[in-house]
Amino acid sequence: IAQALLNDPELLVVDEPTAGLDPEERIRFRNLLAELSGERTVVLSTHIVEDVAQSCREMAVLRDGRIAWRGEPGELRRLAAGRAWEVEWPAGRLLPDGWAAVSTVHLGERTRYRLVQLEPDATAPEGALPVEPGLEEAYLVLMETGRQSGGAAPDRPAAG
């Protein structure tokens with residue numbers, strides 16, 4: 001990063017900069033990128049959703065090499081509004097069709113799932129409670145919506 005900043009560039013592109021870092025160093029590096037973005041444009045390419053959620057004012061999601069969605073992280077979260085749920089079931093229970101598990105926590109005889117509704121008409125599983133969607137849920141909804149519509153971006157078209 002020091003070498004990249006030597007000539008004080010207006011544009012800084014970083015690819016997976018926090019991969020392999022422990023949580024403390026990831027946080028430090030994210031904060032550094034946030035500070036640097038005040039003076040220049042920083043393009044952050046990453047698969048670590050938490051890095052995007054914590055450090056980006058604007059983001060773009062790529063699908064098949066094209067921008068599938070562009071906007072603020074909060075706007076992307078709104079794509080999954082009403083589609084994020086949490087439920088605790090006996091261990092080994094299968095997920096219903098139209099749903100994906102975003103996280104799974106084993107609690108002995110039971111398992112806690114954070115679920116996202118991929119198919120808009122899928123019925124909420126018994127005992128599930130709605131939760132605020134995060135970027136992971138929104139990303140899954142965006143990708144599934146694109147597959148169902150042949151690649152068209154939902155809600156907001158990509159900027160040209």
# chains A, B, ... in the order shown; residues from 1 in each chain; ligands from 1

call {"tool": "residues_around", "arguments": {"residues": "A:Gln54", "least_positions_apart": "6", "cutoff": "10 Å", "atoms": "only C-alpha atoms", "output": "JSON list (two decimals) with all heavy atoms, in the first residue's frame"}}
result
[["chain", "number", "residue", "atom", "x", "y", "z"],
["A", 27, "ILE", "N", -9.58, -4.86, 10.40],
["A", 27, "ILE", "CA", -10.21, -3.62, 10.84],
["A", 27, "ILE", "C", -9.26, -2.44, 10.63],
["A", 27, "ILE", "O", -9.67, -1.40, 10.10],
["A", 27, "ILE", "CB", -10.64, -3.72, 12.32],
["A", 27, "ILE", "CG1", -11.78, -4.73, 12.46],
["A", 27, "ILE", "CG2", -11.04, -2.36, 12.89],
["A", 27, "ILE", "CD1", -12.07, -5.16, 13.88],
["A", 30, "ARG", "N", -9.11, -1.71, 6.87],
["A", 30, "ARG", "CA", -10.36, -1.07, 6.42],
["A", 30, "ARG", "C", -10.38, 0.39, 6.82],
["A", 30, "ARG", "O", -10.79, 1.25, 6.03],
["A", 30, "ARG", "CB", -11.57, -1.77, 7.03],
["A", 30, "ARG", "CG", -12.03, -2.97, 6.31],
["A", 30, "ARG", "CD", -13.44, -3.38, 6.70],
["A", 30, "ARG", "NE", -13.78, -3.21, 8.08],
["A", 30, "ARG", "CZ", -14.08, -4.20, 8.92],
["A", 30, "ARG", "NH1", -14.08, -5.44, 8.49],
["A", 30, "ARG", "NH2", -14.42, -3.95, 10.15],
["A", 31, "ASN", "N", -9.98, 0.69, 8.05],
["A", 31, "ASN", "CA", -9.95, 2.08, 8.50],
["A", 31, "ASN", "C", -8.96, 2.92, 7.70],
["A", 31, "ASN", "O", -9.22, 4.07, 7.38],
["A", 31, "ASN", "CB", -9.63, 2.15, 10.00],
["A", 31, "ASN", "CG", -10.77, 1.64, 10.85],
["A", 31, "ASN", "OD1", -11.93, 1.62, 10.42],
["A", 31, "ASN", "ND2", -10.47, 1.22, 12.05],
["A", 34, "ALA", "N", -10.55, 3.70, 4.42],
["A", 34, "ALA", "CA", -11.58, 4.73, 4.60],
["A", 34, "ALA", "C", -10.94, 6.11, 4.69],
["A", 34, "ALA", "O", -11.44, 7.08, 4.10],
["A", 34, "ALA", "CB", -12.41, 4.43, 5.84],
["A", 73, "PRO", "N", -24.85, 0.66, 0.03],
["A", 73, "PRO", "CA", -25.12, -0.63, 0.69],
["A", 73, "PRO", "C", -26.53, -0.73, 1.27],
["A", 73, "PRO", "O", -27.17, -1.77, 1.16],
["A", 73, "PRO", "CB", -24.05, -0.69, 1.78],
["A", 73, "PRO", "CG", -22.91, 0.11, 1.23],
["A", 73, "PRO", "CD", -23.57, 1.24, 0.47]]

call {"tool": "select_by_dssp", "arguments": {"residues": "stretch 28-106 of chain A", "states": "helix (DSSP H, G or I)", "output": "count of residues only"}}
result
23

call {"tool": "residues_around", "arguments": {"residues": "A:Ser37", "least_positions_apart": "5", "cutoff": "12 Å", "atoms": "only C-alpha atoms", "output": "ChimeraX atom specification"}}
result
/A:5,8-14,30-32,42-44,55-58

call {"tool": "residues_around", "arguments": {"residues": "A:Thr111", "least_positions_apart": "4", "cutoff": "7 Å", "atoms": "only C-alpha atoms", "output": "PyMOL selection string"}}
result
chain A and resi 88-91+104-107

call {"tool": "closest_atom_pairs", "arguments": {"of": "stretch 18-74 of chain A", "to": "stretch 119-141 of chain A", "cutoff": "10 Å", "atoms": "only C-alpha atoms", "output": "CSV"}}
result
residue,atom,partner,partner_atom,distance
A:Ile48,CA,A:Glu136,CA,9.6
A:Val49,CA,A:Leu135,CA,6.7
A:Glu50,CA,A:Leu135,CA,8.1
A:Val52,CA,A:Leu135,CA,8.6
A:Ala53,CA,A:Leu135,CA,7.1
A:Val61,CA,A:Tyr139,CA,8.1
A:Trp69,CA,A:Tyr139,CA,9.7
A:Pro73,CA,A:Leu135,CA,7.2
A:Gly74,CA,A:Leu135,CA,8.3

call {"tool": "atom_distance", "arguments": {"atom1": "atom CA of A:Ala68", "atom2": "atom CA of A:Leu142"}}
result
8.2 Å

call {"tool": "residues_around", "arguments": {"residues": "A:Leu115", "least_positions_apart": "6", "cutoff": "9 Å", "atoms": "only C-alpha atoms", "output": "PDB file with N, CA and C atoms, in the first residue's frame"}}
result
ATOM      1  N   ARG A  83     -37.298 -10.528   3.570  1.00  0.00           N
ATOM      2  CA  ARG A  83     -36.883 -11.843   3.076  1.00  0.00           C
ATOM      3  C   ARG A  83     -35.788 -12.485   3.923  1.00  0.00           C
ATOM      4  N   ALA A  84     -35.448 -11.882   5.063  1.00  0.00           N
ATOM      5  CA  ALA A  84     -34.443 -12.440   5.972  1.00  0.00           C
ATOM      6  C   ALA A  84     -35.148 -12.917   7.239  1.00  0.00           C
ATOM      7  N   TRP A  85     -34.819 -14.134   7.651  1.00  0.00           N
ATOM      8  CA  TRP A  85     -35.509 -14.760   8.777  1.00  0.00           C
ATOM      9  C   TRP A  85     -34.512 -15.526   9.637  1.00  0.00           C
ATOM     10  N   GLU A  86     -34.892 -15.737  10.880  1.00  0.00           N
ATOM     11  CA  GLU A  86     -34.084 -16.573  11.766  1.00  0.00           C
ATOM     12  C   GLU A  86     -35.002 -17.603  12.400  1.00  0.00           C
ATOM     13  N   VAL A  87     -34.484 -18.827  12.505  1.00  0.00           N
ATOM     14  CA  VAL A  87     -35.288 -19.915  13.063  1.00  0.00           C
ATOM     15  C   VAL A  87     -34.370 -20.908  13.762  1.00  0.00           C
ATOM     16  N   LEU A  95     -33.900 -27.612   4.791  1.00  0.00           N
ATOM     17  CA  LEU A  95     -34.482 -26.321   4.451  1.00  0.00           C
ATOM     18  C   LEU A  95     -35.592 -26.514   3.430  1.00  0.00           C
ATOM     19  N   TRP A  99     -35.527 -21.399  -0.179  1.00  0.00           N
ATOM     20  CA  TRP A  99     -34.818 -20.759   0.927  1.00  0.00           C
ATOM     21  C   TRP A  99     -33.356 -21.170   0.909  1.00  0.00           C
ATOM     22  N   ALA A 100     -32.487 -20.282   1.415  1.00  0.00           N
ATOM     23  CA  ALA A 100     -31.063 -20.591   1.556  1.00  0.00           C
ATOM     24  C   ALA A 100     -30.618 -20.199   2.960  1.00  0.00           C
ATOM     25  N   ALA A 101     -29.704 -20.970   3.518  1.00  0.00           N
ATOM     26  CA  ALA A 101     -29.133 -20.647   4.826  1.00  0.00           C
ATOM     27  C   ALA A 101     -27.947 -19.719   4.634  1.00  0.00           C
ATOM     28  N   VAL A 102     -27.966 -18.595   5.319  1.00  0.00           N
ATOM     29  CA  VAL A 102     -26.858 -17.650   5.287  1.00  0.00           C
ATOM     30  C   VAL A 102     -25.885 -17.979   6.409  1.00  0.00           C
ATOM     31  N   SER A 103     -26.420 -18.451   7.531  1.00  0.00           N
ATOM     32  CA  SER A 103     -25.552 -18.909   8.619  1.00  0.00           C
ATOM     33  C   SER A 103     -26.229 -20.053   9.351  1.00  0.00           C
ATOM     34  N   THR A 104     -25.405 -20.917   9.910  1.00  0.00           N
ATOM     35  CA  THR A 104     -25.867 -22.101  10.630  1.00  0.00           C
ATOM     36  C   THR A 104     -25.057 -22.216  11.908  1.00  0.00           C
ATOM     37  N   ALA A 128     -40.205 -19.348  12.155  1.00  0.00           N
ATOM     38  CA  ALA A 128     -39.205 -18.362  11.734  1.00  0.00           C
ATOM     39  C   ALA A 128     -39.664 -16.949  12.084  1.00  0.00           C
ATOM     40  N   GLU A 137     -27.582 -11.465   2.673  1.00  0.00           N
ATOM     41  CA  GLU A 137     -28.936 -11.809   2.230  1.00  0.00           C
ATOM     42  C   GLU A 137     -29.290 -11.058   0.957  1.00  0.00           C
TER      43      GLU A 137
END

call {"tool": "select_by_dssp", "arguments": {"residues": "stretch 26-133 of chain A", "states": "strand (DSSP E or B)", "output": "number ranges by chain"}}
result
A: 41-45, 59-63, 66-71, 84-90, 99-107, 110-117, 129-130

call {"tool": "closest_residue", "arguments": {"among": "A:Leu76, A:Asp97, A:Gln117, A:Leu33", "to": "A:Thr18", "atoms": "only C-alpha atoms"}}
result
A:Leu33

call {"tool": "closest_residue", "arguments": {"among": "A:Ala4, A:Ala80, A:Leu36, A:Ala19", "to": "A:Met143", "atoms": "only C-alpha atoms"}}
result
A:Ala80
